[in-house]
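S.K.: Input structure: entry-v7.txt, which contains compact mmCIF, C-alpha atoms.
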```txt
# COMPACT_ATOMS: atom_id res chain seq x y z
CA MET A 366 17.17 -85.52 -45.72
CA LYS A 367 16.71 -87.55 -48.87
CA LYS A 368 17.41 -91.20 -49.44
CA ILE A 369 18.26 -92.03 -53.03
CA LYS A 370 18.30 -95.51 -54.43
CA VAL A 371 21.52 -96.03 -56.35
CA LEU A 372 21.89 -99.79 -56.94
CA LYS A 373 25.05 -99.39 -58.98
CA PRO A 374 28.17 -101.51 -58.77
CA VAL A 375 31.21 -99.61 -57.52
CA LEU A 376 33.39 -101.10 -60.22
CA VAL A 377 30.87 -100.29 -62.94
CA SER A 378 33.35 -98.17 -64.80
CA ASN A 379 35.99 -100.91 -64.77
CA GLN A 380 33.47 -103.48 -65.92
CA GLN A 381 32.23 -101.23 -68.70
CA ARG A 382 35.74 -100.50 -69.83
CA ALA A 383 36.55 -104.24 -69.73
CA LEU A 384 33.55 -104.92 -71.98
CA GLU A 385 34.73 -102.28 -74.43
CA ASN A 386 38.24 -103.74 -74.41
CA ARG A 387 36.81 -107.17 -75.07
CA LYS A 388 34.89 -105.82 -78.07
CA VAL A 389 38.17 -104.57 -79.51
CA PHE A 390 39.88 -107.91 -78.86
CA ASP A 391 36.92 -109.79 -80.33
CA HIS A 392 37.01 -107.58 -83.38
CA MET A 393 40.69 -108.41 -83.81
CA LYS A 394 39.83 -112.11 -83.24
CA SER A 395 42.44 -112.25 -80.52
CA LEU A 396 42.29 -114.83 -77.76
CA VAL A 397 43.21 -112.91 -74.60
CA ILE A 398 44.36 -114.81 -71.52
CA ASN A 399 44.82 -113.04 -68.19
CA ILE A 400 47.56 -114.93 -66.34
CA ILE A 401 47.45 -114.55 -62.57
CA ALA A 402 49.72 -116.06 -59.93
CA SER A 403 51.92 -115.26 -56.94
CA PRO A 404 55.32 -113.66 -57.50
CA GLY A 405 57.69 -116.44 -58.45
CA ALA A 406 55.05 -119.01 -59.35
CA GLY A 407 56.34 -119.16 -62.92
CA LYS A 408 54.16 -116.83 -64.98
CA THR A 409 57.03 -115.67 -67.16
CA SER A 410 58.42 -119.20 -67.63
CA PHE A 411 54.95 -120.43 -68.58
CA ILE A 412 54.64 -117.61 -71.10
CA LYS A 413 58.08 -118.34 -72.52
CA ARG A 414 57.19 -121.98 -73.21
CA THR A 415 53.87 -120.99 -74.73
CA VAL A 416 55.41 -118.30 -76.91
CA LYS A 417 58.05 -120.70 -78.21
CA GLN A 418 55.37 -123.23 -79.08
CA PHE A 419 53.03 -120.87 -80.90
CA LYS A 420 55.12 -118.02 -82.32
CA ASN A 421 55.80 -119.69 -85.66
CA ARG A 422 52.20 -120.56 -86.43
CA TYR A 423 50.30 -117.76 -84.69
CA LYS A 424 50.78 -114.08 -84.14
CA VAL A 425 51.50 -113.69 -80.45
CA LEU A 426 51.61 -110.58 -78.28
CA VAL A 427 52.63 -110.50 -74.64
CA ILE A 428 51.47 -107.74 -72.31
CA GLU A 429 53.62 -107.54 -69.19
CA GLY A 430 52.15 -106.05 -66.03
CA ASP A 431 54.61 -105.15 -63.29
CA ILE A 432 54.71 -102.57 -60.57
CA LYS A 433 58.14 -101.45 -61.77
CA GLY A 434 60.76 -102.28 -64.36
CA GLN A 435 60.99 -104.13 -67.64
CA ILE A 436 62.80 -107.31 -66.65
CA ASP A 437 60.12 -109.65 -68.00
CA SER A 438 59.50 -107.72 -71.21
CA LYS A 439 63.21 -107.88 -72.02
CA THR A 440 63.20 -111.64 -71.44
CA ILE A 441 60.16 -112.16 -73.64
CA SER A 442 61.23 -109.87 -76.47
CA LYS A 443 64.38 -111.97 -76.88
CA LEU A 444 62.04 -114.70 -78.14
CA GLY A 445 61.16 -112.52 -81.12
CA VAL A 446 57.56 -111.63 -80.30
CA ASP A 447 56.02 -108.25 -79.61
CA VAL A 448 55.81 -107.17 -75.97
CA ILE A 449 54.07 -104.23 -74.35
CA GLN A 450 54.99 -103.30 -70.80
CA ILE A 451 52.55 -101.79 -68.33
CA ASN A 452 54.00 -100.42 -65.08
CA THR A 453 51.27 -100.10 -62.49
CA VAL A 454 53.49 -98.08 -60.11
CA THR A 455 51.27 -98.11 -57.02
CA GLU A 456 48.57 -100.58 -58.00
CA CYS A 457 48.82 -104.26 -57.19
CA HIS A 458 46.86 -105.42 -60.25
CA LEU A 459 46.07 -104.56 -63.86
CA ASP A 460 42.66 -103.06 -64.53
CA ALA A 461 40.58 -102.40 -67.60
CA PHE A 462 41.77 -98.79 -67.89
CA MET A 463 45.42 -99.78 -67.93
CA ALA A 464 44.59 -102.34 -70.61
CA ALA A 465 42.71 -99.67 -72.56
CA GLN A 466 45.79 -97.46 -72.51
CA VAL A 467 47.81 -100.07 -74.36
CA LEU A 468 45.17 -100.63 -77.04
CA PRO A 469 46.49 -97.79 -79.26
CA LYS A 470 49.93 -99.42 -79.11
CA ILE A 471 48.56 -102.59 -80.69
CA LYS A 472 49.21 -101.82 -84.33
CA LYS A 473 48.33 -105.17 -85.89
CA ARG A 474 46.14 -108.11 -85.13
CA TYR A 475 47.28 -111.01 -82.99
CA ASP A 476 45.83 -114.49 -82.63
CA LEU A 477 46.97 -114.82 -79.05
CA ILE A 478 47.50 -112.14 -76.41
CA LEU A 479 49.04 -113.37 -73.18
CA VAL A 480 48.70 -110.88 -70.35
CA GLU A 481 51.00 -111.35 -67.38
CA ASN A 482 49.28 -109.71 -64.45
CA VAL A 483 51.08 -108.33 -61.39
CA GLY A 484 52.24 -111.15 -59.11
CA ASN A 485 49.47 -111.41 -56.55
CA LEU A 486 46.73 -113.96 -55.79
CA VAL A 487 44.24 -111.46 -54.40
CA CYS A 488 43.72 -108.19 -56.24
CA PRO A 489 44.07 -109.14 -59.91
CA ALA A 490 41.13 -111.51 -59.51
CA GLU A 491 38.74 -108.64 -58.84
CA PHE A 492 39.49 -106.57 -61.94
CA GLU A 493 38.52 -107.71 -65.40
CA ILE A 494 40.62 -106.31 -68.19
CA GLY A 495 38.64 -107.58 -71.16
CA GLU A 496 40.14 -111.05 -71.25
CA ASP A 497 38.52 -114.17 -72.64
CA TYR A 498 39.45 -116.00 -69.47
CA LYS A 499 41.73 -116.09 -66.46
CA LEU A 500 44.48 -118.65 -66.14
CA ALA A 501 45.81 -119.15 -62.61
CA ILE A 502 49.19 -120.67 -61.91
CA LEU A 503 49.84 -122.38 -58.57
CA SER A 504 53.40 -123.54 -57.99
CA THR A 505 54.12 -126.48 -55.73
CA PRO A 506 56.45 -124.63 -53.28
CA GLU A 507 53.54 -122.31 -52.41
CA GLY A 508 51.67 -125.16 -50.74
CA ASP A 509 48.60 -127.23 -51.56
CA ASP A 510 46.33 -125.13 -49.32
CA LYS A 511 46.40 -122.01 -51.49
CA PRO A 512 43.20 -122.73 -53.46
CA LEU A 513 41.27 -122.71 -50.18
CA LYS A 514 43.08 -119.63 -48.89
CA TYR A 515 42.57 -117.57 -52.04
CA PRO A 516 39.28 -118.97 -53.32
CA LEU A 517 38.19 -116.08 -55.50
CA LEU A 518 40.97 -116.41 -58.07
CA PHE A 519 40.50 -120.18 -58.35
CA HIS A 520 36.75 -119.70 -58.56
CA LEU A 521 37.11 -117.32 -61.49
CA ALA A 522 39.94 -119.05 -63.35
CA LYS A 523 38.83 -121.23 -66.22
CA VAL A 524 42.25 -122.88 -66.31
CA VAL A 525 44.51 -123.67 -63.37
CA VAL A 526 48.10 -124.71 -64.02
CA ILE A 527 49.98 -126.48 -61.23
CA ASN A 528 53.60 -125.61 -61.97
CA LYS A 529 56.96 -126.90 -60.73
CA VAL A 530 55.83 -130.52 -60.48
CA ASP A 531 59.51 -131.43 -60.94
CA LEU A 532 59.99 -130.31 -57.32
CA LEU A 533 57.34 -132.66 -55.91
CA PRO A 534 59.88 -135.22 -54.57
CA TYR A 535 61.35 -132.51 -52.34
CA LEU A 536 58.13 -130.96 -51.06
CA ASP A 537 55.13 -131.85 -48.92
CA PHE A 538 52.80 -130.61 -51.65
CA ASN A 539 49.88 -133.01 -52.03
CA THR A 540 48.64 -132.69 -55.61
CA GLU A 541 45.33 -134.42 -54.92
CA LYS A 542 44.63 -132.11 -52.00
CA ALA A 543 45.43 -129.07 -54.14
CA LYS A 544 43.12 -130.30 -56.90
CA LYS A 545 40.36 -131.03 -54.42
CA GLY A 546 40.70 -127.46 -53.18
CA ILE A 547 40.59 -126.08 -56.72
CA ARG A 548 37.47 -128.13 -57.48
CA GLN A 549 35.81 -126.88 -54.32
CA ASP A 550 36.35 -123.33 -55.55
CA ASN A 551 35.49 -124.18 -59.11
CA PRO A 552 34.16 -127.59 -60.12
CA LYS A 553 34.60 -126.79 -63.81
CA ALA A 554 38.26 -125.73 -63.61
CA ILE A 555 40.50 -127.25 -66.25
CA ILE A 556 43.64 -128.31 -64.40
CA PHE A 557 47.08 -129.06 -65.83
CA ASP A 558 50.18 -130.37 -64.03
CA VAL A 559 53.32 -128.95 -65.58
CA SER A 560 56.94 -128.10 -65.07
CA SER A 561 58.06 -125.03 -66.97
CA LYS A 562 61.62 -126.10 -66.17
CA THR A 563 61.45 -129.56 -67.78
CA GLY A 564 58.48 -129.10 -70.09
CA THR A 565 56.48 -131.92 -68.47
CA GLY A 566 52.76 -131.60 -69.06
CA PHE A 567 52.91 -128.82 -71.63
CA ALA A 568 51.67 -130.98 -74.51
CA ALA A 569 48.23 -131.03 -72.87
CA VAL A 570 48.32 -127.28 -72.22
CA PHE A 571 49.18 -126.61 -75.85
CA ARG A 572 46.38 -128.89 -77.09
CA HIS A 573 43.97 -126.93 -74.91
CA LEU A 574 45.26 -123.57 -76.17
CA GLU A 575 45.11 -124.77 -79.75
CA LYS A 576 41.42 -125.63 -79.24
CA GLU A 577 40.76 -122.26 -77.63
CA LEU A 578 42.45 -120.42 -80.50
CA ASP A 579 40.34 -122.35 -82.94
CA ALA A 580 37.13 -121.70 -81.01
CA LYS A 581 37.88 -117.98 -80.84
CA LYS A 582 38.36 -117.81 -84.60
CA LYS A 583 35.08 -119.65 -85.22
CA LYS A 584 33.20 -117.59 -82.63
CA ASN A 585 34.08 -114.46 -84.51
CA LYS A 586 33.06 -115.89 -87.84
CA GLY A 587 29.59 -116.52 -86.51
CA MET B 228 45.66 -103.72 -50.92
CA HIS B 229 43.54 -102.81 -53.90
CA GLU B 230 40.97 -100.89 -51.89
CA PHE B 231 42.50 -97.51 -52.70
CA GLY B 232 41.35 -97.59 -56.32
CA VAL B 233 38.07 -99.17 -55.36
CA THR B 234 37.33 -96.53 -52.73
CA LYS B 235 38.20 -93.83 -55.24
CA SER B 236 35.57 -95.30 -57.58
CA LEU B 237 33.13 -95.42 -54.68
CA VAL B 238 33.61 -91.72 -53.86
CA GLU B 239 33.29 -90.79 -57.55
CA LEU B 240 30.10 -92.80 -57.92
CA CYS B 241 28.52 -91.29 -54.80
CA ASN B 242 29.46 -87.73 -55.78
CA LYS B 243 27.99 -88.29 -59.23
CA GLU B 244 24.76 -89.66 -57.79
CA ALA B 245 24.61 -86.74 -55.33
CA ASP B 246 25.01 -84.28 -58.22
CA LYS B 247 22.30 -86.00 -60.21
CA ASN B 248 19.88 -85.85 -57.29
CA LYS B 249 20.78 -82.32 -56.17
CA ILE B 250 22.23 -83.47 -52.87
CA LYS B 251 24.82 -81.09 -51.46
CA LYS B 252 25.94 -83.18 -48.53
CA VAL B 253 25.97 -86.95 -48.33
CA TYR B 254 25.55 -88.34 -44.83
CA LYS B 255 25.30 -92.03 -45.39
CA ILE B 256 26.37 -94.49 -48.07
CA HIS B 257 24.78 -97.90 -47.91
CA LEU B 258 27.32 -100.24 -49.42
CA LYS B 259 26.52 -103.89 -50.09
CA VAL B 260 29.52 -106.18 -49.99
CA GLY B 261 29.26 -109.87 -50.82
CA LYS B 262 31.27 -112.22 -48.62
CA PHE B 263 32.89 -113.73 -51.71
CA THR B 264 34.74 -110.59 -52.74
CA GLY B 265 38.24 -109.60 -51.78
CA PHE B 266 37.24 -106.20 -50.41
CA SER B 267 37.93 -105.43 -46.80
CA PRO B 268 35.57 -102.93 -45.13
CA ASP B 269 38.38 -101.79 -42.80
CA SER B 270 40.62 -100.84 -45.72
CA ILE B 271 37.75 -99.16 -47.56
CA GLU B 272 37.00 -97.09 -44.49
CA PHE B 273 40.65 -96.19 -44.04
CA TYR B 274 40.96 -94.82 -47.57
CA PHE B 275 37.49 -93.29 -47.48
CA GLU B 276 38.47 -90.99 -44.62
CA HIS B 277 41.11 -89.46 -46.90
CA LEU B 278 39.41 -89.62 -50.26
CA LYS B 279 36.13 -88.04 -49.14
CA ILE B 280 37.78 -84.76 -48.07
CA ASN B 281 36.59 -81.75 -50.09
CA THR B 282 33.88 -83.75 -51.83
CA LYS B 283 30.15 -84.01 -51.23
CA CYS B 284 30.88 -87.08 -49.17
CA ASP B 285 33.01 -85.08 -46.71
CA THR B 286 30.66 -85.76 -43.82
CA ALA B 287 29.47 -89.16 -44.99
CA GLU B 288 29.89 -92.51 -43.30
CA ILE B 289 29.69 -95.89 -44.97
CA VAL B 290 27.13 -98.37 -43.72
CA PHE B 291 28.36 -101.80 -44.73
CA GLU B 292 25.79 -104.46 -45.42
CA GLU B 293 27.23 -107.90 -45.88
CA ILE B 294 25.64 -110.27 -48.38
CA PRO B 295 26.05 -113.96 -47.59
CA ILE B 296 27.38 -116.54 -49.99
CA ARG B 297 24.30 -118.40 -51.18
CA ILE B 298 24.48 -121.47 -53.38
CA LYS B 299 22.00 -123.66 -55.16
CA CYS B 300 22.69 -127.33 -55.69
CA ASN B 301 21.72 -128.54 -59.14
CA ASP B 302 21.62 -132.15 -57.97
CA CYS B 303 19.39 -132.02 -54.90
CA GLY B 304 17.89 -128.62 -55.63
CA LYS B 305 18.49 -127.24 -52.14
CA GLN B 306 19.76 -123.75 -51.41
CA HIS B 307 22.20 -122.91 -48.63
CA ASN B 308 24.02 -119.96 -47.15
CA ILE B 309 27.62 -120.95 -46.62
CA GLU B 310 30.28 -119.31 -44.44
CA GLU B 311 33.31 -120.19 -46.54
CA PRO B 312 33.35 -120.09 -50.34
CA ILE B 313 33.65 -123.85 -50.63
CA LEU B 314 31.35 -124.67 -53.49
CA LEU B 315 30.07 -128.03 -52.35
CA CYS B 316 26.47 -128.77 -51.40
CA PRO B 317 26.35 -129.12 -47.59
CA ALA B 318 23.40 -131.50 -47.97
CA CYS B 319 24.48 -133.97 -50.66
CA GLY B 320 28.14 -133.09 -51.32
CA SER B 321 27.63 -132.40 -55.02
CA ASN B 322 29.82 -129.85 -56.75
CA GLU B 323 27.19 -128.99 -59.35
CA ILE B 324 26.65 -125.65 -57.69
CA ASP B 325 25.35 -122.31 -58.87
CA LEU B 326 26.47 -119.25 -56.97
CA LEU B 327 23.38 -117.16 -56.21
CA SER B 328 24.97 -114.38 -54.21
CA GLY B 329 28.17 -113.30 -52.55
CA ARG B 330 29.95 -111.48 -55.38
CA GLU B 331 28.03 -108.20 -54.99
CA PHE B 332 29.80 -104.93 -54.49
CA TYR B 333 27.43 -102.04 -55.03
CA VAL B 334 26.01 -98.87 -53.58
CA ALA B 335 22.42 -99.59 -52.56
CA SER B 336 21.54 -96.01 -51.63
CA ILE B 337 22.86 -92.72 -50.39
CA GLU B 338 21.32 -90.37 -47.85
CA GLY B 339 21.84 -86.65 -47.76
CA GLU B 340 20.36 -83.24 -48.32
```
Could you take the file, read its structure, and then write that structure out as structure tokens?

M.R.:
Amino acid sequence: MKKIKVLKPVLVSNQQRALENRKVFDHMKSLVINIIASPGAGKTSFIKRTVKQFKNRYKVLVIEGDIKGQIDSKTISKLGVDVIQINTVTECHLDAFMAAQVLPKIKKRYDLILVENVGNLVCPAEFEIGEDYKLAILSTPEGDDKPLKYPLLFHLAKVVVINKVDLLPYLDFNTEKAKKGIRQDNPKAIIFDVSSKTGTGFAAVFRHLEKELDAKKKKNKG
Amino acid sequence: MHEFGVTKSLVELCNKEADKNKIKKVYKIHLKVGKFTGFSPDSIEFYFEHLKINTKCDTAEIVFEEIPIRIKCNDCGKQHNIEEPILLCPACGSNEIDLLSGREFYVASIEGE
């Protein structure tokens, strides 16, 4: 009987692949945002607003991750930007290998790549795809306790968007409690309150994205 | 949920390490799992029973070793193990926290012959 020291992470191959993907994205000077939220939290609506804001001044690509179907890609392509669909079939998240498979389909460079992950607060958090950062969306009907119930995603997300604030008068959602929870997971989280329906709060989101796009460009110059 | 893919990677990694070290049969896999990961040992075991068949890990069992969530407070300098991933210093309440451990997910060693 032999005992062999291994000391290797199980997801080493995913992490390695994610690093390689990121090199490609960095080379293209693309800001890549991995958008993660529950089904129905408003990922697609958030992307639609963002695409409309930036499509005339920046080259924008949307990568749609869904278990099945092309509903979201059809919605997004109507806005006149390029969309690539990934169907994960049995997997509940996107991983670095799925992202790597779409790389050959990216025929030109984009300033901004928005990746809509599979609707799920748990699994997508564990798998890097080569993104610059994760953006989590929490919608008010889900409840203000979610940051404490799904801490990993909120811990890893650089940006957290609280969506559907237009519904606050009808819900028991306590925004301060939700933010306290987010800050307990991640003191440095950048939090925005928005409504994708009315557009409330998006000016601040866009200012942030504008800064990030600028920083990415400069980072690659240096 | 996502443990199927993860367990597949685990079996691949252990078979590769067994090959490298001329082990024909793996009996034990020592797997370190941080408490601040989303991986459930029960689900990993469930998939492992299927995925190990006809591999060098066929007769292997997984020994799970949990790694606590350990934080360091940058304000008061104290270190604590915490049960829940609430990143606040239990001593002074500060949220200037560094995560020292809890996100690990790796194979520490394998045993076999």

S.K.: Considering only C-alpha atoms, return as a list of chain:residue names whatever protein or nucleic-acid residues lie within 7 Å of range 512-517 of chain A, sequence-local ones (same chain, fewer than 2 positions apart) excluded.

M.R.: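 My list of contacting residues is A:Leu486, A:Val487, A:Ala490, A:Asp510, A:Phe519, A:His520, A:Leu521, A:Ala543, A:Gly546, A:Ile547, A:Asp550, B:Phe263, B:Pro312.
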
S.K.: Using only C-alpha atoms - which residues lie no farther than 10 Å from the point (31.3, -126.9, -52.2) in the file's frame? Write them as a ChimeraX atom specification.

M.R.: /A:546,548-552 /B:298,300,309,311-317,319-324

S.K.: Please determine, counting only C-alpha atoms, which residue among A:Leu574, A:Gly508, A:Tyr423, A:Asn399 has the shortest atom-to-atom distance to Leu459 in chain A.

M.R.: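 Between A:Leu574, A:Gly508, A:Tyr423, A:Asn399, the residue approaching Leu459 in chain A most closely is A:Asn399.
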
S.K.: Give the residues of chain A that lie within 6 Å of chain B; count all atoms listed in the file, and format the answer as a list of chain:residue names.

M.R.: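 Matching residues, ligands excluded from the count: A:Met366, A:Lys367, A:Lys368, A:Ile369, A:Lys370, A:Val371, A:Leu372, A:Lys373, A:Pro374, A:Val375, A:Cys488, A:Gln549, A:Asp550, A:Pro552.
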
S.K.: Any chance you can output those residues with C-alpha atoms as a PDB file, in the frame of the given file?

M.R.:
```pdb
ATOM      1  CA  MET A 366      17.170 -85.520 -45.720  1.00  0.00           C
ATOM      2  CA  LYS A 367      16.710 -87.550 -48.870  1.00  0.00           C
ATOM      3  CA  LYS A 368      17.410 -91.200 -49.440  1.00  0.00           C
ATOM      4  CA  ILE A 369      18.260 -92.030 -53.030  1.00  0.00           C
ATOM      5  CA  LYS A 370      18.300 -95.510 -54.430  1.00  0.00           C
ATOM      6  CA  VAL A 371      21.520 -96.030 -56.350  1.00  0.00           C
ATOM      7  CA  LEU A 372      21.890 -99.790 -56.940  1.00  0.00           C
ATOM      8  CA  LYS A 373      25.050 -99.390 -58.980  1.00  0.00           C
ATOM      9  CA  PRO A 374      28.170-101.510 -58.770  1.00  0.00           C
ATOM     10  CA  VAL A 375      31.210 -99.610 -57.520  1.00  0.00           C
ATOM     11  CA  CYS A 488      43.720-108.190 -56.240  1.00  0.00           C
ATOM     12  CA  GLN A 549      35.810-126.880 -54.320  1.00  0.00           C
ATOM     13  CA  ASP A 550      36.350-123.330 -55.550  1.00  0.00           C
ATOM     14  CA  PRO A 552      34.160-127.590 -60.120  1.00  0.00           C
TER      15      PRO A 552
END
```

S.K.: Find the residues near Thr409 in chain A: any atom within 12 Å, counting only C-alpha atoms, skip ones fewer than 6 places away on the same chain, and give them as a CSV table (one decimal) with C-alpha atoms, in the coordinates of the input.

M.R.:
```csv
chain,number,residue,atom,x,y,z
A,400,ILE,CA,47.6,-114.9,-66.3
A,401,ILE,CA,47.4,-114.6,-62.6
A,402,ALA,CA,49.7,-116.1,-59.9
A,403,SER,CA,51.9,-115.3,-56.9
A,415,THR,CA,53.9,-121.0,-74.7
A,416,VAL,CA,55.4,-118.3,-76.9
A,427,VAL,CA,52.6,-110.5,-74.6
A,428,ILE,CA,51.5,-107.7,-72.3
A,429,GLU,CA,53.6,-107.5,-69.2
A,430,GLY,CA,52.2,-106.0,-66.0
A,431,ASP,CA,54.6,-105.2,-63.3
A,436,ILE,CA,62.8,-107.3,-66.6
A,437,ASP,CA,60.1,-109.6,-68.0
A,438,SER,CA,59.5,-107.7,-71.2
A,439,LYS,CA,63.2,-107.9,-72.0
A,440,THR,CA,63.2,-111.6,-71.4
A,441,ILE,CA,60.2,-112.2,-73.6
A,442,SER,CA,61.2,-109.9,-76.5
A,479,LEU,CA,49.0,-113.4,-73.2
A,480,VAL,CA,48.7,-110.9,-70.4
A,481,GLU,CA,51.0,-111.4,-67.4
A,482,ASN,CA,49.3,-109.7,-64.4
A,483,VAL,CA,51.1,-108.3,-61.4
A,484,GLY,CA,52.2,-111.2,-59.1
A,502,ILE,CA,49.2,-120.7,-61.9
A,528,ASN,CA,53.6,-125.6,-62.0
A,561,SER,CA,58.1,-125.0,-67.0
A,562,LYS,CA,61.6,-126.1,-66.2
```

S.K.: Mind pulling up the distance from CA of Lys433 in chain A to CA of Lys408 in chain A?

M.R.: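 Result for CA of Lys408 in chain A versus CA of Lys433 in chain A: 16.2 Å, one decimal.
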
S.K.: Using only C-alpha atoms, which of the listed residues (A:Pro506, A:Lys420, A:Lys413, A:Gln466) sits closest to Pro534 in chain A?

M.R.: A:Pro506

S.K.: Quick one: distance from CA of Val377 in chain A to CA of Phe462 in chain A in Å, one decimal?

M.R.: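 Atom-to-atom, CA of Val377 in chain A and CA of Phe462 in chain A are spaced 12.1 Å apart.
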
S.K.: Tell me, as a ChimeraX atom specification, which residues lie within 8 Å of Ala464 in chain A, counting only C-alpha atoms; anything in the same chain fewer than 3 positions away does not count.

M.R.: /A:386,459-461,467-468,494-495

S.K.: Using only C-alpha atoms, pick whichever of B:Lys251, B:Glu293, B:Ala318, B:Ile280 has the shortest atom-to-atom distance to Ser267 in chain B.

M.R.: B:Glu293

S.K.: What is the distance between CA of Ile398 in chain A and CA of Asn379 in chain A, in Å to one decimal?

M.R.: 17.6 Å

S.K.: With N, CA and C atoms as the target, complete range 257-279 of chain B and hand it back as an mmCIF file, in the frame of the given file.

M.R.:
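Written out: selection-v7.cif:
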```
data_model
loop_
_atom_site.group_PDB
_atom_site.id
_atom_site.type_symbol
_atom_site.label_atom_id
_atom_site.label_comp_id
_atom_site.auth_asym_id
_atom_site.auth_seq_id
_atom_site.Cartn_x
_atom_site.Cartn_y
_atom_site.Cartn_z
ATOM 1 N N HIS B 257 25.070 -96.498 -48.214
ATOM 2 C CA HIS B 257 24.780 -97.900 -47.910
ATOM 3 C C HIS B 257 25.467 -98.761 -48.955
ATOM 4 N N LEU B 258 26.491 -99.468 -48.501
ATOM 5 C CA LEU B 258 27.320 -100.240 -49.420
ATOM 6 C C LEU B 258 27.111 -101.741 -49.177
ATOM 7 N N LYS B 259 26.727 -102.441 -50.216
ATOM 8 C CA LYS B 259 26.520 -103.890 -50.090
ATOM 9 C C LYS B 259 27.796 -104.611 -50.530
ATOM 10 N N VAL B 260 28.293 -105.448 -49.663
ATOM 11 C CA VAL B 260 29.520 -106.180 -49.990
ATOM 12 C C VAL B 260 29.284 -107.677 -49.807
ATOM 13 N N GLY B 261 29.403 -108.419 -50.893
ATOM 14 C CA GLY B 261 29.260 -109.870 -50.820
ATOM 15 C C GLY B 261 30.444 -110.480 -50.090
ATOM 16 N N LYS B 262 30.190 -111.588 -49.396
ATOM 17 C CA LYS B 262 31.270 -112.220 -48.620
ATOM 18 C C LYS B 262 32.289 -112.911 -49.512
ATOM 19 N N PHE B 263 31.944 -113.079 -50.783
ATOM 20 C CA PHE B 263 32.890 -113.730 -51.710
ATOM 21 C C PHE B 263 33.524 -112.684 -52.615
ATOM 22 N N THR B 264 33.934 -111.571 -52.015
ATOM 23 C CA THR B 264 34.740 -110.590 -52.740
ATOM 24 C C THR B 264 36.003 -110.400 -51.924
ATOM 25 N N GLY B 265 36.989 -109.799 -52.522
ATOM 26 C CA GLY B 265 38.240 -109.600 -51.780
ATOM 27 C C GLY B 265 38.317 -108.223 -51.141
ATOM 28 N N PHE B 266 37.185 -107.571 -50.915
ATOM 29 C CA PHE B 266 37.240 -106.200 -50.410
ATOM 30 C C PHE B 266 37.057 -106.155 -48.902
ATOM 31 N N SER B 267 37.988 -105.492 -48.251
ATOM 32 C CA SER B 267 37.930 -105.430 -46.800
ATOM 33 C C SER B 267 37.320 -104.098 -46.365
ATOM 34 N N PRO B 268 36.211 -104.153 -45.602
ATOM 35 C CA PRO B 268 35.570 -102.930 -45.130
ATOM 36 C C PRO B 268 36.531 -102.025 -44.362
ATOM 37 N N ASP B 269 37.423 -102.610 -43.566
ATOM 38 C CA ASP B 269 38.380 -101.790 -42.800
ATOM 39 C C ASP B 269 39.243 -100.950 -43.728
ATOM 40 N N SER B 270 39.753 -101.587 -44.801
ATOM 41 C CA SER B 270 40.620 -100.840 -45.720
ATOM 42 C C SER B 270 39.813 -99.788 -46.468
ATOM 43 N N ILE B 271 38.587 -100.132 -46.845
ATOM 44 C CA ILE B 271 37.750 -99.160 -47.560
ATOM 45 C C ILE B 271 37.526 -97.940 -46.677
ATOM 46 N N GLU B 272 37.231 -98.193 -45.409
ATOM 47 C CA GLU B 272 37.000 -97.090 -44.490
ATOM 48 C C GLU B 272 38.248 -96.226 -44.319
ATOM 49 N N PHE B 273 39.373 -96.891 -44.217
ATOM 50 C CA PHE B 273 40.650 -96.190 -44.040
ATOM 51 C C PHE B 273 40.882 -95.217 -45.199
ATOM 52 N N TYR B 274 40.736 -95.692 -46.415
ATOM 53 C CA TYR B 274 40.960 -94.820 -47.570
ATOM 54 C C TYR B 274 39.846 -93.784 -47.723
ATOM 55 N N PHE B 275 38.636 -94.187 -47.338
ATOM 56 C CA PHE B 275 37.490 -93.290 -47.480
ATOM 57 C C PHE B 275 37.694 -92.006 -46.684
ATOM 58 N N GLU B 276 38.257 -92.154 -45.481
ATOM 59 C CA GLU B 276 38.470 -90.990 -44.620
ATOM 60 C C GLU B 276 39.343 -89.937 -45.307
ATOM 61 N N HIS B 277 40.241 -90.398 -46.168
ATOM 62 C CA HIS B 277 41.110 -89.460 -46.900
ATOM 63 C C HIS B 277 40.473 -88.995 -48.206
ATOM 64 N N LEU B 278 39.885 -89.929 -48.907
ATOM 65 C CA LEU B 278 39.410 -89.620 -50.260
ATOM 66 C C LEU B 278 38.143 -88.763 -50.268
ATOM 67 N N LYS B 279 37.398 -88.780 -49.152
ATOM 68 C CA LYS B 279 36.130 -88.040 -49.140
ATOM 69 C C LYS B 279 36.333 -86.532 -48.915
#
```
